[in-house]
$ cat protein_2.txt   # compact mmCIF, C-alpha atoms and all ligand atoms
# COMPACT_ATOMS: atom_id res chain seq x y z
CA MET C 263 88.13 111.67 131.59
CA GLN C 264 89.05 114.35 129.08
CA ILE C 265 88.84 114.03 125.30
CA SER C 266 90.33 116.76 123.14
CA ALA C 267 91.11 117.29 119.48
CA ASN C 268 91.99 120.97 119.46
CA PHE C 269 95.43 120.50 117.93
CA ASP C 270 97.10 120.24 114.52
CA GLY C 271 95.18 117.65 112.48
CA GLY C 272 92.76 116.93 115.34
CA ASN C 273 89.22 115.77 114.66
CA ILE C 274 86.53 114.48 117.01
CA GLU C 275 83.36 115.74 118.63
CA VAL C 276 82.28 114.47 122.05
CA ILE C 277 78.57 113.68 122.00
CA ASN C 278 78.27 112.09 125.44
CA GLN C 279 81.00 111.06 127.90
CA ASP C 280 78.93 110.34 131.00
CA ASN C 281 79.45 106.57 130.77
CA ILE C 282 82.98 105.20 130.22
CA ASP C 283 81.47 101.96 128.83
CA ASP C 284 79.72 103.95 126.10
CA VAL C 285 81.61 107.15 125.31
CA GLN C 286 79.81 108.59 122.30
CA LEU C 287 81.91 110.40 119.72
CA ALA C 288 81.38 111.73 116.19
CA ILE C 289 83.77 112.59 113.39
CA ARG C 290 83.52 116.21 112.22
CA PRO C 291 83.03 116.34 108.43
CA ASP C 292 85.40 118.19 106.09
CA GLN C 293 84.38 121.74 105.16
CA GLY C 294 81.25 121.46 103.00
CA GLY C 295 80.13 118.30 104.74
CA GLU C 296 80.65 115.87 101.85
CA PHE C 297 83.48 113.77 103.28
CA PHE C 298 84.56 112.40 106.62
CA GLN C 299 86.52 109.45 107.97
CA TRP C 300 89.64 110.97 109.55
CA PHE C 301 89.72 111.16 113.34
CA ASN C 302 92.56 112.14 115.64
CA PHE C 303 92.13 112.90 119.34
CA LYS C 304 93.61 112.55 122.81
CA LEU C 305 91.98 110.79 125.74
CA GLN C 306 93.22 111.44 129.24
CA GLY C 307 91.86 109.21 131.98
CA THR C 308 92.87 106.79 134.71
CA VAL C 309 95.66 104.21 134.31
CA GLY C 310 94.24 100.67 134.28
CA GLN C 311 90.73 101.87 133.47
CA ARG C 312 88.88 100.49 130.44
CA TYR C 313 87.01 102.82 128.08
CA THR C 314 84.64 101.88 125.28
CA LEU C 315 84.61 104.56 122.62
CA ASN C 316 81.75 104.55 120.10
CA ILE C 317 82.04 106.66 116.95
CA ILE C 318 78.34 106.85 116.31
CA ASN C 319 78.40 108.45 112.84
CA ALA C 320 80.85 105.92 111.36
CA GLY C 321 78.02 104.40 109.30
CA SER C 322 77.65 107.54 107.21
CA ALA C 323 81.40 108.08 106.72
CA SER C 324 82.83 108.35 103.20
CA TYR C 325 84.03 104.74 102.93
CA THR C 326 82.18 102.41 105.29
CA LYS C 327 84.06 99.45 103.76
CA GLY C 328 87.09 101.07 105.33
CA TRP C 329 85.79 100.13 108.79
CA GLU C 330 85.60 96.39 108.03
CA ASP C 331 88.57 94.58 109.60
CA TYR C 332 89.95 97.97 110.61
CA GLN C 333 91.84 98.60 113.86
CA ALA C 334 92.33 102.16 115.15
CA ALA C 335 95.90 103.47 115.55
CA ALA C 336 97.12 104.71 118.93
CA THR C 337 100.21 105.93 120.73
CA TYR C 338 101.37 106.89 124.22
CA ASP C 339 104.72 108.47 123.33
CA ARG C 340 103.77 109.94 119.95
CA GLN C 341 106.63 107.96 118.41
CA GLN C 342 105.49 104.35 118.33
CA TRP C 343 102.00 103.66 116.97
CA PHE C 344 100.11 100.44 117.61
CA ARG C 345 96.57 99.21 116.94
CA LEU C 346 93.66 98.98 119.37
CA PRO C 347 90.86 96.36 119.41
CA THR C 348 88.21 97.85 117.12
CA ARG C 349 84.95 96.56 115.66
CA TYR C 350 82.32 97.93 113.31
CA GLN C 351 78.69 97.06 113.81
CA ASP C 352 75.35 98.69 113.00
CA GLY C 353 76.95 101.91 111.82
CA THR C 354 79.10 102.38 114.92
CA LEU C 355 82.87 102.02 115.15
CA THR C 356 83.78 100.78 118.61
CA ILE C 357 87.32 101.20 119.96
CA GLU C 358 88.33 99.54 123.25
CA VAL C 359 91.07 101.15 125.33
CA GLU C 360 92.67 100.12 128.61
CA LEU C 361 95.03 102.87 129.64
CA ASP C 362 98.70 102.00 130.35
CA CYS C 363 99.51 105.70 130.84
CA ASP C 364 97.43 108.75 131.67
CA ALA C 365 96.89 109.91 128.11
CA ILE C 366 96.58 108.17 124.77
CA GLN C 367 96.32 109.61 121.26
CA ILE C 368 94.02 107.71 118.90
CA ALA C 369 93.79 108.32 115.15
CA TYR C 370 92.56 106.83 111.88
CA PHE C 371 96.23 106.41 110.93
CA ALA C 372 99.47 107.70 112.47
CA PRO C 373 99.28 111.45 111.80
CA TYR C 374 101.97 113.39 109.97
CA SER C 375 101.76 116.75 111.70
CA TYR C 376 102.27 120.17 110.17
CA GLU C 377 105.19 120.64 112.58
CA ARG C 378 106.80 117.46 111.28
CA HIS C 379 106.18 118.73 107.74
CA GLN C 380 108.13 121.91 108.66
CA ASP C 381 110.86 119.77 110.22
CA LEU C 382 111.14 117.74 107.01
CA LEU C 383 111.46 120.83 104.80
CA SER C 384 114.06 122.35 107.12
CA ALA C 385 116.06 119.14 107.39
CA VAL C 386 116.33 118.56 103.65
CA GLN C 387 117.16 122.12 102.65
CA VAL C 388 120.64 121.95 104.23
CA HIS C 389 121.62 119.31 101.65
CA PRO C 390 123.69 120.90 98.86
CA LEU C 391 121.54 119.36 96.10
CA VAL C 392 118.26 120.63 97.57
CA SER C 393 116.46 123.90 97.08
CA LEU C 394 113.01 124.81 98.33
CA GLU C 395 110.68 126.77 96.08
CA HIS C 396 107.61 128.61 97.33
CA LEU C 397 104.98 127.92 94.70
CA GLY C 398 102.20 129.99 96.24
CA LEU C 399 99.74 130.18 99.12
CA THR C 400 96.80 128.01 100.05
CA LEU C 401 93.40 129.53 100.85
CA ASP C 402 94.29 129.50 104.58
CA GLU C 403 97.57 131.21 103.57
CA ARG C 404 99.90 128.31 104.18
CA ASP C 405 102.93 127.74 101.98
CA ILE C 406 102.80 125.34 99.05
CA THR C 407 106.41 124.20 99.04
CA LEU C 408 108.28 122.34 96.31
CA VAL C 409 111.43 120.39 97.22
CA LYS C 410 113.80 120.36 94.24
CA VAL C 411 116.60 117.80 94.31
CA GLY C 412 119.31 117.84 91.65
CA ASN C 413 121.16 120.39 89.57
CA GLY C 414 118.28 121.10 87.18
CA ASP C 415 120.32 119.99 84.16
CA GLU C 416 117.98 120.06 81.17
CA ASP C 417 119.40 116.82 79.78
CA LYS C 418 118.17 114.93 82.82
CA ALA C 419 114.75 113.38 83.32
CA ASN C 420 112.29 115.32 85.48
CA ILE C 421 110.61 113.17 88.11
CA TRP C 422 107.61 114.64 89.93
CA ILE C 423 106.25 113.25 93.19
CA THR C 424 103.21 114.61 95.04
CA ALA C 425 101.64 113.41 98.28
CA ARG C 426 98.60 114.11 100.44
CA GLN C 427 96.25 115.67 97.93
CA HIS C 428 93.89 113.88 100.30
CA PRO C 429 95.15 115.17 103.65
CA GLY C 430 93.91 112.26 105.79
CA GLU C 431 96.15 109.91 103.79
CA THR C 432 99.10 110.65 106.06
CA MET C 433 100.97 107.49 105.00
CA ALA C 434 101.71 109.39 101.79
CA GLU C 435 103.90 111.94 103.56
CA TRP C 436 105.56 109.20 105.63
CA LEU C 437 106.48 107.60 102.31
CA VAL C 438 107.91 110.86 101.00
CA GLU C 439 110.00 111.23 104.16
CA GLY C 440 111.54 107.80 103.53
CA LEU C 441 112.06 108.54 99.86
CA LEU C 442 113.74 111.89 100.55
CA ASN C 443 116.00 110.51 103.27
CA ASN C 444 117.20 107.80 100.90
CA LEU C 445 117.56 110.18 97.96
CA LEU C 446 119.72 112.52 100.06
CA ASP C 447 121.85 109.77 101.60
CA SER C 448 125.27 110.18 100.00
CA ASP C 449 126.01 106.51 100.70
CA SER C 450 122.94 105.28 98.80
CA PRO C 451 123.94 103.82 95.41
CA THR C 452 120.31 104.08 94.24
CA ALA C 453 120.26 107.78 94.98
CA LYS C 454 123.63 108.40 93.33
CA ALA C 455 122.62 106.58 90.17
CA LEU C 456 119.23 108.34 90.03
CA LEU C 457 120.56 111.83 90.64
CA ASP C 458 123.10 111.28 87.88
CA LYS C 459 120.17 111.08 85.47
CA ALA C 460 117.22 112.88 87.05
CA ASN C 461 116.01 116.03 88.73
CA PHE C 462 113.36 115.49 91.41
CA TYR C 463 110.43 117.81 92.07
CA ILE C 464 108.65 116.74 95.25
CA VAL C 465 105.61 118.25 96.96
CA PRO C 466 105.53 116.43 100.32
CA ASN C 467 102.16 117.91 101.25
CA MET C 468 99.77 119.07 98.52
CA ASN C 469 97.06 119.98 101.03
CA PRO C 470 98.43 121.61 104.20
CA ASP C 471 95.09 123.31 104.97
CA GLY C 472 93.16 120.05 104.98
CA SER C 473 95.96 118.46 107.00
CA VAL C 474 95.86 121.04 109.79
CA ARG C 475 92.05 121.17 109.76
CA GLY C 476 91.82 117.41 110.27
CA HIS C 477 90.08 116.78 106.93
CA LEU C 478 89.91 113.43 105.20
CA ARG C 479 89.81 114.43 101.57
CA THR C 480 89.48 118.15 100.81
CA ASN C 481 91.08 121.57 101.20
CA ALA C 482 89.93 124.64 103.18
CA VAL C 483 86.86 125.17 100.98
CA GLY C 484 85.89 121.50 100.74
CA VAL C 485 87.39 120.88 97.28
CA ASN C 486 88.79 117.45 96.38
CA LEU C 487 92.12 118.43 94.81
CA ASN C 488 92.39 115.18 92.89
CA ARG C 489 89.45 116.24 90.70
CA GLU C 490 90.85 119.67 89.84
CA TRP C 491 93.70 118.98 87.45
CA GLN C 492 91.98 119.89 84.21
CA THR C 493 90.67 123.23 85.47
CA PRO C 494 92.50 124.30 88.64
CA SER C 495 91.69 127.79 89.92
CA LEU C 496 93.13 130.21 92.45
CA GLU C 497 89.67 130.47 94.05
CA LYS C 498 89.04 126.75 94.61
CA SER C 499 92.31 124.88 94.19
CA PRO C 500 95.43 127.08 94.30
CA GLU C 501 97.41 124.01 95.44
CA VAL C 502 96.85 122.32 92.07
CA TYR C 503 96.97 125.58 90.09
CA HIS C 504 100.52 126.37 91.22
CA VAL C 505 101.81 122.80 90.83
CA VAL C 506 100.36 122.54 87.30
CA ASN C 507 102.06 125.80 86.30
CA LYS C 508 105.39 124.58 87.63
CA MET C 509 105.02 121.22 85.88
CA LYS C 510 104.44 123.03 82.58
CA GLU C 511 107.66 124.94 83.21
CA THR C 512 109.82 121.88 83.99
CA GLY C 513 108.10 119.18 81.96
CA VAL C 514 107.40 115.78 83.50
CA ASP C 515 109.04 112.46 82.52
CA LEU C 516 107.73 110.37 85.43
CA TYR C 517 104.93 111.14 87.88
CA TYR C 518 104.19 109.40 91.16
CA ASP C 519 101.15 110.58 93.12
CA VAL C 520 101.05 109.03 96.58
CA HIS C 521 97.79 108.12 98.37
CA GLY C 522 96.14 105.82 100.89
CA ASP C 523 93.08 103.66 100.30
CA GLU C 524 90.46 103.23 103.01
CA GLY C 525 89.03 99.93 101.81
CA LEU C 526 91.65 97.70 100.19
CA PRO C 527 94.23 96.02 102.47
CA TYR C 528 96.99 96.11 99.86
CA VAL C 529 99.71 98.28 98.33
CA PHE C 530 98.96 98.82 94.65
CA LEU C 531 99.42 101.12 91.68
CA ALA C 532 96.69 102.71 89.59
CA GLY C 533 98.08 103.41 86.13
CA CYS C 534 96.75 105.52 83.31
CA GLU C 535 95.52 102.92 80.82
CA GLY C 536 92.43 104.99 80.03
CA VAL C 537 94.04 108.23 78.90
CA PRO C 538 93.53 109.06 75.18
CA SER C 539 97.27 109.17 74.43
CA TYR C 540 98.05 105.79 76.04
CA SER C 541 100.27 103.73 73.72
CA ASP C 542 101.82 100.27 73.47
CA ASP C 543 105.17 101.79 74.43
CA MET C 544 103.59 103.31 77.53
CA ALA C 545 102.01 99.96 78.44
CA LYS C 546 105.43 98.28 78.18
CA LEU C 547 107.01 100.94 80.35
CA GLN C 548 104.20 100.57 82.89
CA ASP C 549 104.80 96.79 83.01
CA LYS C 550 108.49 97.34 83.55
CA PHE C 551 107.83 99.76 86.41
CA VAL C 552 105.29 97.43 88.04
CA ASN C 553 107.71 94.49 87.82
CA ALA C 554 110.50 96.62 89.25
CA LEU C 555 108.37 97.63 92.23
CA LEU C 556 107.41 93.98 92.78
CA MET C 557 111.13 93.19 93.05
CA ALA C 558 111.91 96.25 95.15
CA SER C 559 109.24 95.74 97.82
CA ALA C 560 107.59 92.55 99.06
CA ASP C 561 104.82 94.81 100.40
CA PHE C 562 103.81 95.72 96.83
CA GLN C 563 101.49 93.50 94.81
CA ASN C 564 99.72 93.70 91.48
CA GLU C 565 96.78 91.34 91.96
CA PHE C 566 94.33 93.55 93.85
CA GLY C 567 93.58 97.17 93.00
CA TYR C 568 91.15 99.39 91.11
CA ASP C 569 89.54 98.28 87.85
CA LYS C 570 91.53 99.61 84.91
CA ASP C 571 89.81 102.32 82.85
CA GLU C 572 88.62 101.39 79.36
CA PRO C 573 90.73 102.96 76.58
CA GLY C 574 89.95 106.66 76.30
CA LYS C 575 87.65 106.59 79.35
CA ALA C 576 90.04 107.95 82.00
CA ASN C 577 88.89 110.82 84.21
CA LEU C 578 91.30 113.58 83.21
CA THR C 579 90.49 115.68 86.27
CA VAL C 580 92.56 113.15 88.27
CA ALA C 581 96.22 114.12 88.72
CA SER C 582 97.93 111.00 87.39
CA ASN C 583 95.65 110.84 84.32
CA TRP C 584 96.02 114.52 83.54
CA VAL C 585 99.81 114.35 83.85
CA ALA C 586 100.01 111.18 81.72
CA ASP C 587 97.93 112.75 78.98
CA THR C 588 99.52 116.21 79.09
CA PHE C 589 103.15 115.09 79.21
CA GLY C 590 102.89 111.62 77.62
CA CYS C 591 104.87 110.16 80.50
CA LEU C 592 104.85 107.21 82.90
CA SER C 593 102.34 108.25 85.54
CA ASN C 594 100.92 106.39 88.51
CA THR C 595 98.85 106.76 91.63
CA LEU C 596 100.33 104.69 94.45
CA GLU C 597 97.89 103.45 97.07
CA MET C 598 98.78 102.19 100.54
CA PRO C 599 96.32 100.69 103.04
CA PHE C 600 94.93 102.32 106.17
CA LYS C 601 94.38 98.79 107.52
CA ASP C 602 97.29 96.45 106.82
CA ASN C 603 98.85 94.59 103.94
CA ALA C 604 96.75 91.40 103.96
CA ASN C 605 99.64 89.51 102.31
CA MET C 606 101.98 90.33 105.17
CA LEU C 607 100.00 91.05 108.32
CA ASP C 608 101.45 92.85 111.31
CA PRO C 609 98.74 92.63 114.00
CA MET C 610 100.64 94.98 116.34
CA SER C 611 101.03 97.96 114.02
CA GLY C 612 99.10 97.22 110.83
CA TRP C 613 100.29 99.35 107.94
CA SER C 614 102.56 101.92 109.59
CA PRO C 615 104.79 104.96 109.13
CA GLU C 616 107.83 102.66 109.16
CA ARG C 617 106.50 100.47 106.36
CA SER C 618 105.54 103.56 104.35
CA ILE C 619 109.11 104.84 104.76
CA TYR C 620 110.53 101.55 103.44
CA LEU C 621 108.14 101.73 100.50
CA GLY C 622 109.49 105.20 99.74
CA GLU C 623 112.99 103.75 99.45
CA ALA C 624 111.71 100.88 97.30
CA SER C 625 109.94 103.36 95.02
CA LEU C 626 113.30 104.94 94.18
CA LEU C 627 114.71 101.57 93.22
CA ALA C 628 111.80 101.00 90.82
CA MET C 629 112.37 104.47 89.33
CA LEU C 630 116.03 103.61 88.79
CA VAL C 631 115.04 100.51 86.79
CA VAL C 632 113.12 102.66 84.27
CA ILE C 633 115.34 105.75 84.35
CA ASN C 634 116.86 105.16 80.92
CA ASP C 635 113.42 104.62 79.37
CA ILE C 636 111.48 107.62 80.60
CA LYS C 637 113.16 110.45 78.68
ZN ZN K 701 93.73 109.62 97.95
$ encode --input "protein_2.txt" --output "structure tokens" --more "lines below"
Ligand code: ZN
Amino acid sequence: MQISANFDGGNIEVINQDNIDDVQLAIRPDQGGEFFQWFNFKLQGTVGQRYTLNIINAGSASYTKGWEDYQAAATYDRQQWFRLPTRYQDGTLTIEVELDCDAIQIAYFAPYSYERHQDLLSAVQVHPLVSLEHLGLTLDERDITLVKVGNGDEDKANIWITARQHPGETMAEWLVEGLLNNLLDSDSPTAKALLDKANFYIVPNMNPDGSVRGHLRTNAVGVNLNREWQTPSLEKSPEVYHVVNKMKETGVDLYYDVHGDEGLPYVFLAGCEGVPSYSDDMAKLQDKFVNALLMASADFQNEFGYDKDEPGKANLTVASNWVADTFGCLSNTLEMPFKDNANMLDPMSGWSPERSIYLGEASLLAMLVVINDIK
């Protein structure tokens, strides 16, 4: 048996593999050691053989609630991802595998590789309405790339979308792929109507360094980008620094920051009720957007989510709060599950790239409903 994670986004350490009924593994923490939960590795073995994989440091991971009722994702062909029997007990996450082929890839969620990220950027740039802008470099000297869609007309609303501030939340970039494909489909009436009234500024991957390094939550120097928006710096958080500068240049009329949540088995929005400038008008607009998304996607719900901040008590270092307060605009964090949508279970795949892609399309529809209200 061979276990390896030395590839783009890979993460696992082999502690002991002498016994296939108790293969002991550990997740390597993000730089700085504060966070870990993301794993992504390949196991090559014998077809028909059963392996019991124990992640022995799961009990000290960032979100141990994330392991409850969680099933690990796996693939043989690196196209179709399915779930493996998984249980969490006494601080150990146990994954059972019986090999149908020689090699299987197992991950916390279906990865969105850096190569696929490059493919996405290359695919969209051939569209006449798209231009790519290099905003700057990360600390590992990767590109921070902005996808601009639309003619930049100043009379139009400016819609900003960012994904993967937390690099292990790969469903966020799957969602952006679905959203972009729909937005650039010349037969999509939603896209046509939106592009008539809006310019889009989309950062499909806010944290390429963390993505390639196999981090859960931070960049190359262990910084959580979603706590940097008030005081971004070139030393700690160039990813946010460059995006903030560009936002100040374009202005923002709607912001959508896409994430995944380890614990909650639901799709939900976190709004900006706690920012100092929050108004009755903003609350009405938020309600309209929430109701539109409820209509647009049966995967979305508004019953379960985070507690709303008390008025004036929002953490302004968080992207969606900072944008809401700075630009006085409709601003949301979208959360998708790592597990599954408990209202609509799919035991085979759980929450998946495909469902994230559909939610990206649905998100555009909800944006269209509020397009005349946001500017
Ligand atoms: Zn997140």
$ atom_distance --input "protein_2.txt" --atom1 "atom CA of C:Gly295" --atom2 "atom CA of C:Ser618"
29.4 Å
$ closest_residue --input "protein_2.txt" --among "C:His379, C:Arg426, C:Arg312, C:Lys410" --to "C:Lys508" --atoms "only C-alpha atoms"
C:Lys410
$ closest_atom_pairs --input "protein_2.txt" --of "chain C" --to "ligand ZN 701 (chain K)" --cutoff "7 Å" --atoms "only C-alpha atoms and all ligand atoms" --output "tab-separated table"
residue	atom	partner	partner_atom	distance
C:Gln427	CA	K:ZN701	ZN	6.6
C:His428	CA	K:ZN701	ZN	4.9
C:Glu431	CA	K:ZN701	ZN	6.3
C:His521	CA	K:ZN701	ZN	4.3
C:Gly522	CA	K:ZN701	ZN	5.4
C:Asp523	CA	K:ZN701	ZN	6.4
$ atom_distance --input "protein_2.txt" --atom1 "atom CA of C:Tyr540" --atom2 "atom CA of C:Val585"
11.7 Å
$ residues_near_point --input "protein_2.txt" --point "(76.7, 111.0, 119.5)" --cutoff "6 Å" --atoms "all atoms listed in the file" --output "VMD selection string"
chain C and resid 277 286 to 288 318
